[in-house]
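**Q** If it helps, the file is called start-v3.txt and holds compact mmCIF, C-alpha atoms:
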# COMPACT_ATOMS: atom_id res chain seq x y z
CA ALA R 1 18.95 5.13 26.72
CA GLN R 2 15.76 4.81 24.72
CA LYS R 3 15.14 7.88 22.62
CA ILE R 4 11.49 7.07 22.00
CA THR R 5 9.43 5.14 24.54
CA GLN R 6 5.97 3.78 23.97
CA THR R 7 4.90 2.09 27.20
CA GLN R 8 1.64 0.55 25.96
CA PRO R 9 2.29 -2.63 23.97
CA GLY R 10 -1.41 -3.08 23.20
CA MET R 11 -4.78 -1.46 23.73
CA PHE R 12 -8.42 -2.24 23.15
CA VAL R 13 -10.79 0.59 22.33
CA GLN R 14 -14.52 0.56 21.74
CA GLU R 15 -15.65 1.75 18.33
CA LYS R 16 -16.57 5.47 18.31
CA GLU R 17 -14.61 6.16 21.49
CA ALA R 18 -11.37 8.14 21.75
CA VAL R 19 -8.02 6.57 22.56
CA THR R 20 -4.72 8.10 23.69
CA LEU R 21 -1.41 6.51 22.77
CA ASP R 22 1.53 7.51 24.92
CA CYS R 23 4.93 8.56 23.65
CA THR R 24 7.86 10.02 25.54
CA TYR R 25 11.13 11.05 23.98
CA ASP R 26 14.62 11.98 24.97
CA THR R 27 16.80 14.49 23.16
CA SER R 28 19.19 17.29 23.96
CA ASP R 29 18.66 18.98 20.58
CA PRO R 30 16.53 22.12 20.84
CA SER R 31 15.23 21.55 17.32
CA TYR R 32 13.46 18.29 16.58
CA GLY R 33 10.34 16.87 15.01
CA LEU R 34 7.91 14.27 16.24
CA PHE R 35 5.87 11.97 14.01
CA TRP R 36 3.19 9.36 14.34
CA TYR R 37 2.84 6.55 11.83
CA LYS R 38 0.21 3.84 11.45
CA GLN R 39 1.19 0.38 10.26
CA PRO R 40 -1.70 -1.89 9.27
CA SER R 41 -1.19 -5.60 8.70
CA SER R 42 -0.19 -4.91 5.08
CA GLY R 43 3.10 -3.51 6.40
CA GLU R 44 3.11 -0.03 4.91
CA MET R 45 3.95 2.81 7.29
CA ILE R 46 1.32 5.54 6.90
CA PHE R 47 2.16 9.06 8.05
CA LEU R 48 -0.47 10.48 10.40
CA ILE R 49 0.70 13.68 12.04
CA TYR R 50 3.76 15.85 12.69
CA GLN R 51 4.76 18.24 15.48
CA GLY R 52 7.81 20.50 15.36
CA SER R 53 9.57 21.36 18.58
CA TYR R 54 9.01 25.05 18.04
CA ASP R 55 5.36 24.75 17.09
CA GLN R 56 3.24 26.71 19.55
CA GLN R 57 0.05 24.80 18.95
CA ASN R 58 -0.71 21.11 19.09
CA ALA R 59 -0.94 19.52 15.67
CA THR R 60 -4.26 18.20 14.41
CA GLU R 61 -5.12 16.19 11.30
CA GLY R 62 -8.73 15.15 11.04
CA ARG R 63 -9.44 12.65 13.81
CA TYR R 64 -5.81 12.69 14.93
CA SER R 65 -4.38 15.20 17.37
CA LEU R 66 -1.04 15.34 19.07
CA ASN R 67 -0.90 16.34 22.74
CA PHE R 68 2.56 17.92 22.86
CA GLN R 69 3.95 18.62 26.33
CA LYS R 70 7.46 19.87 25.73
CA ALA R 71 8.53 20.17 29.36
CA ARG R 72 7.49 16.57 29.98
CA LYS R 73 8.98 15.44 26.67
CA SER R 74 5.77 13.72 25.70
CA ALA R 75 3.90 13.62 22.40
CA ASN R 76 0.78 11.56 22.87
CA LEU R 77 -1.49 10.73 19.94
CA VAL R 78 -5.23 11.06 20.41
CA ILE R 79 -7.52 9.29 17.97
CA SER R 80 -11.09 10.48 18.29
CA ALA R 81 -14.20 8.54 17.24
CA SER R 82 -12.32 5.27 16.66
CA GLN R 83 -13.22 3.22 13.61
CA LEU R 84 -12.67 -0.47 12.92
CA GLY R 85 -10.11 0.52 10.29
CA ASP R 86 -7.99 2.16 12.98
CA SER R 87 -6.92 -1.30 14.19
CA ALA R 88 -3.17 -1.32 13.52
CA MET R 89 0.28 -0.76 15.05
CA TYR R 90 1.06 2.85 15.84
CA PHE R 91 4.61 4.17 16.01
CA CYS R 92 5.94 7.38 17.46
CA ALA R 93 9.14 8.66 15.87
CA MET R 94 11.56 11.55 16.29
CA ARG R 95 13.81 13.43 13.92
CA GLU R 96 16.59 15.31 15.65
CA ARG R 97 18.41 18.35 14.29
CA GLU R 98 15.29 19.57 12.52
CA GLU R 99 17.12 21.57 9.90
CA ALA R 100 19.81 19.05 9.20
CA ALA R 101 19.92 17.28 5.88
CA GLY R 102 18.09 14.01 5.87
CA ASN R 103 15.00 12.82 7.62
CA LYS R 104 16.44 9.97 9.66
CA LEU R 105 13.81 8.91 12.15
CA THR R 106 14.17 7.05 15.43
CA PHE R 107 11.10 4.94 16.16
CA GLY R 108 9.55 3.68 19.35
CA GLY R 109 8.52 0.08 19.87
CA GLY R 110 4.93 0.70 18.85
CA THR R 111 1.46 0.23 20.33
CA ARG R 112 -1.03 -2.23 18.87
CA VAL R 113 -4.58 -0.89 18.82
CA LEU R 114 -7.58 -3.15 18.39
CA VAL R 115 -10.94 -1.45 17.87
CA LYS R 116 -13.90 -3.50 19.11
CA PRO R 117 -17.27 -3.18 17.38
CA ASP K 1 0.59 3.91 -8.69
CA THR K 2 2.86 6.77 -7.71
CA GLY K 3 3.89 5.56 -4.25
CA VAL K 4 7.10 3.89 -3.10
CA SER K 5 7.38 0.45 -4.65
CA GLN K 6 9.41 -2.43 -3.22
CA ASN K 7 10.06 -5.88 -4.58
CA PRO K 8 10.04 -8.67 -3.98
CA ARG K 9 7.44 -8.38 -1.25
CA HIS K 10 8.47 -11.70 0.24
CA LYS K 11 11.70 -13.65 0.00
CA ILE K 12 12.50 -16.98 1.61
CA THR K 13 16.10 -18.08 1.36
CA LYS K 14 18.52 -20.50 2.90
CA ARG K 15 21.27 -19.39 5.21
CA GLY K 16 24.37 -18.40 3.29
CA GLN K 17 22.59 -17.28 0.14
CA ASN K 18 22.64 -13.73 -1.21
CA VAL K 19 19.48 -11.68 -1.61
CA THR K 20 18.75 -8.35 -3.26
CA PHE K 21 15.83 -6.03 -2.69
CA ARG K 22 14.79 -3.18 -4.95
CA CYS K 23 13.11 0.10 -4.06
CA ASP K 24 11.56 2.55 -6.52
CA PRO K 25 10.91 5.84 -4.74
CA ILE K 26 8.37 8.52 -5.60
CA SER K 27 9.80 10.01 -8.76
CA GLU K 28 10.51 13.57 -7.62
CA HIS K 29 11.99 12.53 -4.25
CA ASN K 30 15.74 13.00 -3.99
CA ARG K 31 16.15 11.27 -0.62
CA LEU K 32 15.85 7.54 -0.11
CA TYR K 33 16.09 5.56 3.13
CA TRP K 34 16.34 1.92 4.13
CA TYR K 35 15.02 0.71 7.46
CA ARG K 36 14.87 -2.74 9.02
CA GLN K 37 11.98 -3.88 11.18
CA THR K 38 12.08 -7.08 13.20
CA LEU K 39 8.94 -8.69 14.58
CA GLY K 40 7.29 -6.64 17.31
CA GLN K 41 9.76 -3.76 17.02
CA GLY K 42 9.80 -0.35 15.44
CA PRO K 43 11.82 0.26 12.27
CA GLU K 44 15.55 0.89 12.66
CA PHE K 45 17.50 3.14 10.33
CA LEU K 46 20.01 1.42 8.05
CA THR K 47 21.15 3.93 5.46
CA TYR K 48 20.21 7.06 3.55
CA PHE K 49 20.88 8.47 0.07
CA GLN K 50 20.58 11.95 -1.26
CA ASN K 51 20.41 11.50 -5.01
CA GLU K 52 23.10 8.90 -5.75
CA ALA K 53 25.29 9.70 -2.75
CA GLN K 54 25.09 7.45 0.29
CA LEU K 55 25.35 9.99 3.09
CA GLU K 56 24.90 7.94 6.21
CA LYS K 57 25.12 4.30 7.28
CA SER K 58 24.04 2.80 10.57
CA ARG K 59 26.30 0.53 12.59
CA LEU K 60 23.56 -2.06 11.97
CA LEU K 61 24.73 -2.22 8.36
CA SER K 62 27.42 -4.86 8.58
CA ASP K 63 29.94 -5.61 5.83
CA ARG K 64 27.52 -8.18 4.42
CA PHE K 65 25.06 -5.41 3.56
CA SER K 66 25.49 -3.06 0.64
CA ALA K 67 23.13 -0.48 -0.74
CA GLU K 68 23.33 1.42 -3.98
CA ARG K 69 21.43 4.09 -5.80
CA PRO K 70 23.42 4.33 -9.04
CA LYS K 71 21.44 6.95 -10.94
CA GLY K 72 19.71 8.66 -8.07
CA SER K 73 16.45 6.90 -8.85
CA PHE K 74 15.84 3.30 -7.70
CA SER K 75 17.94 1.68 -4.99
CA THR K 76 19.02 -1.85 -4.23
CA LEU K 77 19.88 -3.42 -0.89
CA GLU K 78 21.96 -6.59 -1.10
CA ILE K 79 22.60 -8.94 1.77
CA GLN K 80 25.42 -11.42 1.25
CA ARG K 81 25.80 -14.73 3.09
CA THR K 82 22.47 -14.33 4.83
CA GLU K 83 22.08 -15.35 8.46
CA GLN K 84 18.95 -16.24 10.37
CA GLY K 85 19.26 -12.96 12.26
CA ASP K 86 18.73 -11.10 8.99
CA SER K 87 15.10 -12.25 8.94
CA ALA K 88 13.10 -9.02 9.06
CA MET K 89 11.01 -6.61 7.08
CA TYR K 90 13.15 -4.24 5.01
CA LEU K 91 11.38 -0.93 4.51
CA CYS K 92 12.26 1.71 1.96
CA ALA K 93 11.13 5.31 2.25
CA SER K 94 11.60 8.44 0.19
CA SER K 95 11.19 12.14 0.80
CA TRP K 96 11.73 15.53 -0.78
CA ARG K 97 11.93 17.70 2.32
CA GLY K 98 9.02 16.73 4.49
CA GLU K 99 7.73 13.51 5.89
CA LEU K 100 8.90 10.11 4.77
CA PHE K 101 6.71 8.05 2.47
CA PHE K 102 7.20 4.34 3.03
CA GLY K 103 6.77 1.37 0.75
CA GLU K 104 5.04 -1.82 1.86
CA GLY K 105 8.34 -3.48 2.65
CA SER K 106 10.18 -6.62 1.63
CA ARG K 107 9.90 -9.44 4.13
CA LEU K 108 12.95 -11.69 4.34
CA THR K 109 12.87 -15.12 5.94
CA VAL K 110 16.18 -16.92 6.29
CA LEU K 111 15.87 -20.65 6.97
In structure tokens, how does this file's structure come out?
**A**
Amino acid sequence: AQKITQTQPGMFVQEKEAVTLDCTYDTSDPSYGLFWYKQPSSGEMIFLIYQGSYDQQNATEGRYSLNFQKARKSANLVISASQLGDSAMYFCAMREREEAAGNKLTFGGGTRVLVKP
Amino acid sequence: DTGVSQNPRHKITKRGQNVTFRCDPISEHNRLYWYRQTLGQGPEFLTYFQNEAQLEKSRLLSDRFSAERPKGSFSTLEIQRTEQGDSAMYLCASSWRGELFFGEGSRLTVL
């Protein structure tokens, strides 16, 4: 079974509008972490935002916010006020056994975002 | 530049040849990871080092793959007798305790 599912292969968004990227996950561990990474055409994976399974509040980092719905096992990324530079692949990832040694991540298949001027 | 550095950035080789990739992590990071990313997919975990010890290897890492981190600093990933299915981006990442910091990857094309 897929541990991380991103159902949107690609999305267009108008510049200055908000966009929501979906991510659902599957784990039986009570302690886990959820990440979002951006991958521009250069190839580098850029960390955007992190949510721990025990965090009470949704994570926010500048224009990025994570809509964490634990009961639904979803961790959607919201990008507000989209910019042309936001055009990239976006990956959701999970780290299980939060306190365990190592930061092995399981990634979803990604969503390509294209921002239109 | 104090980020994760990988080289070569691109490698084209013929089937059956050996290739080696190098990763220089962020200097104070004790953990180093290798991931493989095929076209249109998310990265897949290959292996992980804590200092010089290789602590975990994925089933994706066949006998033709070997990774080392001899002095707990840089790491190499060698692929022997390359196959066309090895064509992918090989990503290296490092961490101290928190999030992973990735390099720009080494893209391998096997003809």
**Q** Skipping near chain neighbours, those fewer than 5 positions away, what residues fall within 10 Å of Ser5 (chain K) using all atoms listed in the file, listed as a list in words?
**A** Arg22, Cys23, Asp24, Pro25, Ile26, Phe74, Cys92, Ala93, Phe102, Gly103, Glu104, Gly105 and Ser106 of chain K
**Q** With only C-alpha atoms counted and 12 Å as the cut-off, give the residues of chain R in contact with chain K, each with its shortest interatomic distance in Å and the pair that gives it, as JSON lines.
**A**
{"residue": "R:Ile4", "atom": "CA", "partner": "K:Gly42", "partner_atom": "CA", "distance": 10.0}
{"residue": "R:Thr5", "atom": "CA", "partner": "K:Gly42", "partner_atom": "CA", "distance": 10.6}
{"residue": "R:Gln6", "atom": "CA", "partner": "K:Gly42", "partner_atom": "CA", "distance": 10.2}
{"residue": "R:Pro9", "atom": "CA", "partner": "K:Gly40", "partner_atom": "CA", "distance": 9.2}
{"residue": "R:Gly10", "atom": "CA", "partner": "K:Gly40", "partner_atom": "CA", "distance": 11.1}
{"residue": "R:Gly33", "atom": "CA", "partner": "K:Glu99", "partner_atom": "CA", "distance": 10.1}
{"residue": "R:Leu34", "atom": "CA", "partner": "K:Glu99", "partner_atom": "CA", "distance": 10.4}
{"residue": "R:Phe35", "atom": "CA", "partner": "K:Glu99", "partner_atom": "CA", "distance": 8.5}
{"residue": "R:Trp36", "atom": "CA", "partner": "K:Glu99", "partner_atom": "CA", "distance": 10.5}
{"residue": "R:Tyr37", "atom": "CA", "partner": "K:Leu100", "partner_atom": "CA", "distance": 10.0}
{"residue": "R:Lys38", "atom": "CA", "partner": "K:Phe102", "partner_atom": "CA", "distance": 11.0}
{"residue": "R:Gln39", "atom": "CA", "partner": "K:Glu104", "partner_atom": "CA", "distance": 9.5}
{"residue": "R:Pro40", "atom": "CA", "partner": "K:Glu104", "partner_atom": "CA", "distance": 10.0}
{"residue": "R:Ser41", "atom": "CA", "partner": "K:Glu104", "partner_atom": "CA", "distance": 10.0}
{"residue": "R:Ser42", "atom": "CA", "partner": "K:Glu104", "partner_atom": "CA", "distance": 6.9}
{"residue": "R:Gly43", "atom": "CA", "partner": "K:Glu104", "partner_atom": "CA", "distance": 5.2}
{"residue": "R:Glu44", "atom": "CA", "partner": "K:Glu104", "partner_atom": "CA", "distance": 4.0}
{"residue": "R:Met45", "atom": "CA", "partner": "K:Phe102", "partner_atom": "CA", "distance": 5.6}
{"residue": "R:Ile46", "atom": "CA", "partner": "K:Phe102", "partner_atom": "CA", "distance": 7.1}
{"residue": "R:Phe47", "atom": "CA", "partner": "K:Phe101", "partner_atom": "CA", "distance": 7.3}
{"residue": "R:Leu48", "atom": "CA", "partner": "K:Glu99", "partner_atom": "CA", "distance": 9.8}
{"residue": "R:Ile49", "atom": "CA", "partner": "K:Glu99", "partner_atom": "CA", "distance": 9.3}
{"residue": "R:Tyr50", "atom": "CA", "partner": "K:Glu99", "partner_atom": "CA", "distance": 8.2}
{"residue": "R:Gln51", "atom": "CA", "partner": "K:Glu99", "partner_atom": "CA", "distance": 11.1}
{"residue": "R:Gly52", "atom": "CA", "partner": "K:Gly98", "partner_atom": "CA", "distance": 11.6}
{"residue": "R:Met89", "atom": "CA", "partner": "K:Gly40", "partner_atom": "CA", "distance": 9.4}
{"residue": "R:Tyr90", "atom": "CA", "partner": "K:Gly42", "partner_atom": "CA", "distance": 9.3}
{"residue": "R:Phe91", "atom": "CA", "partner": "K:Gly42", "partner_atom": "CA", "distance": 6.9}
{"residue": "R:Cys92", "atom": "CA", "partner": "K:Gly42", "partner_atom": "CA", "distance": 8.9}
{"residue": "R:Ala93", "atom": "CA", "partner": "K:Gly42", "partner_atom": "CA", "distance": 9.0}
{"residue": "R:Met94", "atom": "CA", "partner": "K:Glu99", "partner_atom": "CA", "distance": 11.3}
{"residue": "R:Arg95", "atom": "CA", "partner": "K:Glu99", "partner_atom": "CA", "distance": 10.1}
{"residue": "R:Glu98", "atom": "CA", "partner": "K:Gly98", "partner_atom": "CA", "distance": 10.6}
{"residue": "R:Glu99", "atom": "CA", "partner": "K:Arg97", "partner_atom": "CA", "distance": 10.0}
{"residue": "R:Ala100", "atom": "CA", "partner": "K:Arg97", "partner_atom": "CA", "distance": 10.5}
{"residue": "R:Ala101", "atom": "CA", "partner": "K:Arg97", "partner_atom": "CA", "distance": 8.8}
{"residue": "R:Gly102", "atom": "CA", "partner": "K:Arg31", "partner_atom": "CA", "distance": 7.3}
{"residue": "R:Asn103", "atom": "CA", "partner": "K:Leu100", "partner_atom": "CA", "distance": 7.3}
{"residue": "R:Lys104", "atom": "CA", "partner": "K:Phe45", "partner_atom": "CA", "distance": 6.9}
{"residue": "R:Leu105", "atom": "CA", "partner": "K:Phe45", "partner_atom": "CA", "distance": 7.1}
{"residue": "R:Thr106", "atom": "CA", "partner": "K:Glu44", "partner_atom": "CA", "distance": 6.9}
{"residue": "R:Phe107", "atom": "CA", "partner": "K:Gly42", "partner_atom": "CA", "distance": 5.5}
{"residue": "R:Gly108", "atom": "CA", "partner": "K:Gly42", "partner_atom": "CA", "distance": 5.6}
{"residue": "R:Gly109", "atom": "CA", "partner": "K:Gly42", "partner_atom": "CA", "distance": 4.6}
{"residue": "R:Gly110", "atom": "CA", "partner": "K:Gly42", "partner_atom": "CA", "distance": 6.0}
{"residue": "R:Thr111", "atom": "CA", "partner": "K:Gly40", "partner_atom": "CA", "distance": 9.5}
{"residue": "R:Arg112", "atom": "CA", "partner": "K:Gly40", "partner_atom": "CA", "distance": 9.5}
**Q** What's the separation between CA of Ala67 (chain K) and CA of Gly3 (chain K), in Å to one decimal place?
**A**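 Computed distance, CA of Ala67 (chain K) to CA of Gly3 (chain K), equals 20.5 Å.
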**Q** To one decimal place in Å, what is the distance between CA of Asn67 (chain R) and CA of Ala18 (chain R)?
**A**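 Distance reported for this atom pair: 13.3 Å.
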**Q** When you draw a straight line from CA of Ser82 (chain R) to CA of Lys70 (chain R), how long is it in Å?
**A**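 So the two atoms, CA of Ser82 (chain R) and CA of Lys70 (chain R), lie 26.2 Å apart.
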**Q** Taking into account all atoms listed in the file, which residue in the set K:Val19, K:Leu61, K:Ala88, K:Val110 is nearest to Thr76 (chain K)?
**A**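 Nearest candidate to Thr76 (chain K) out of K:Val19, K:Leu61, K:Ala88, K:Val110: K:Val19.
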**Q** Select, counting all atoms listed in the file, all protein, DNA and RNA residues no farther than 10 Å from (23.6, -4.2, -2.5) in file coordinates, and express the selection as a list in words.
**A**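 Checking each residue against the 10 Å limit leaves Asn18, Val19, Thr20, Phe21, Arg22, Arg64, Phe65, Ser66, Ala67, Glu68, Arg69, Ser75, Thr76, Leu77, Glu78, Ile79 and Gln80 of chain K.
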**Q** Could you check which residues have any atom within 6 Å of (0.8, 12.0, 23.2), counting all atoms listed in the file with coordinates taken straight from the file, and then list them as a ChimeraX atom specification?
**A** /R:21-23,66-67,74-77
**Q** Using all atoms listed in the file, pick whichever of R:Ser87, R:Val113, R:Phe12, R:Arg72 has the shortest atom-to-atom distance to Thr27 (chain R).
**A**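 Using all atoms listed in the file, Thr27 (chain R) sits closest to R:Arg72.
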**Q** Could you write out as AutoDock Vina command-line options the box around region 22-40 of chain R (axis-aligned, all atoms listed in the file, 6 Å on each side), with centre and edge lengths in Å to one decimal?
**A**
--center_x 8.7 --center_y 10.1 --center_z 17.4 --size_x 32.9 --size_y 36.0 --size_z 28.3
**Q** Since the input lacks some atoms of region 78-89 of chain R, please model N, CA and C atoms and print them as an mmCIF file, in the frame of the given file.
**A**
data_model
loop_
_atom_site.group_PDB
_atom_site.id
_atom_site.type_symbol
_atom_site.label_atom_id
_atom_site.label_comp_id
_atom_site.auth_asym_id
_atom_site.auth_seq_id
_atom_site.Cartn_x
_atom_site.Cartn_y
_atom_site.Cartn_z
ATOM 1 N N VAL R 78 -3.826 11.284 20.079
ATOM 2 C CA VAL R 78 -5.230 11.060 20.410
ATOM 3 C C VAL R 78 -5.980 10.767 19.126
ATOM 4 N N ILE R 79 -6.660 9.631 19.102
ATOM 5 C CA ILE R 79 -7.520 9.290 17.970
ATOM 6 C C ILE R 79 -8.956 9.411 18.472
ATOM 7 N N SER R 80 -9.698 10.291 17.859
ATOM 8 C CA SER R 80 -11.090 10.480 18.290
ATOM 9 C C SER R 80 -12.013 9.616 17.426
ATOM 10 N N ALA R 81 -13.174 9.278 17.990
ATOM 11 C CA ALA R 81 -14.200 8.540 17.240
ATOM 12 C C ALA R 81 -13.610 7.345 16.506
ATOM 13 N N SER R 82 -13.025 6.412 17.263
ATOM 14 C CA SER R 82 -12.320 5.270 16.660
ATOM 15 C C SER R 82 -13.201 4.498 15.693
ATOM 16 N N GLN R 83 -12.560 4.026 14.631
ATOM 17 C CA GLN R 83 -13.220 3.220 13.610
ATOM 18 C C GLN R 83 -12.533 1.863 13.538
ATOM 19 N N LEU R 84 -13.247 0.873 13.017
ATOM 20 C CA LEU R 84 -12.670 -0.470 12.920
ATOM 21 C C LEU R 84 -11.371 -0.452 12.124
ATOM 22 N N GLY R 85 -11.309 0.414 11.120
ATOM 23 C CA GLY R 85 -10.110 0.520 10.290
ATOM 24 C C GLY R 85 -8.915 1.129 11.001
ATOM 25 N N ASP R 86 -9.110 1.614 12.207
ATOM 26 C CA ASP R 86 -7.990 2.160 12.980
ATOM 27 C C ASP R 86 -7.176 1.051 13.641
ATOM 28 N N SER R 87 -7.659 -0.175 13.597
ATOM 29 C CA SER R 87 -6.920 -1.300 14.190
ATOM 30 C C SER R 87 -5.592 -1.464 13.440
ATOM 31 N N ALA R 88 -4.497 -1.305 14.149
ATOM 32 C CA ALA R 88 -3.170 -1.320 13.520
ATOM 33 C C ALA R 88 -2.111 -1.134 14.607
ATOM 34 N N MET R 89 -0.830 -1.179 14.182
ATOM 35 C CA MET R 89 0.280 -0.760 15.050
ATOM 36 C C MET R 89 0.494 0.732 14.837
#
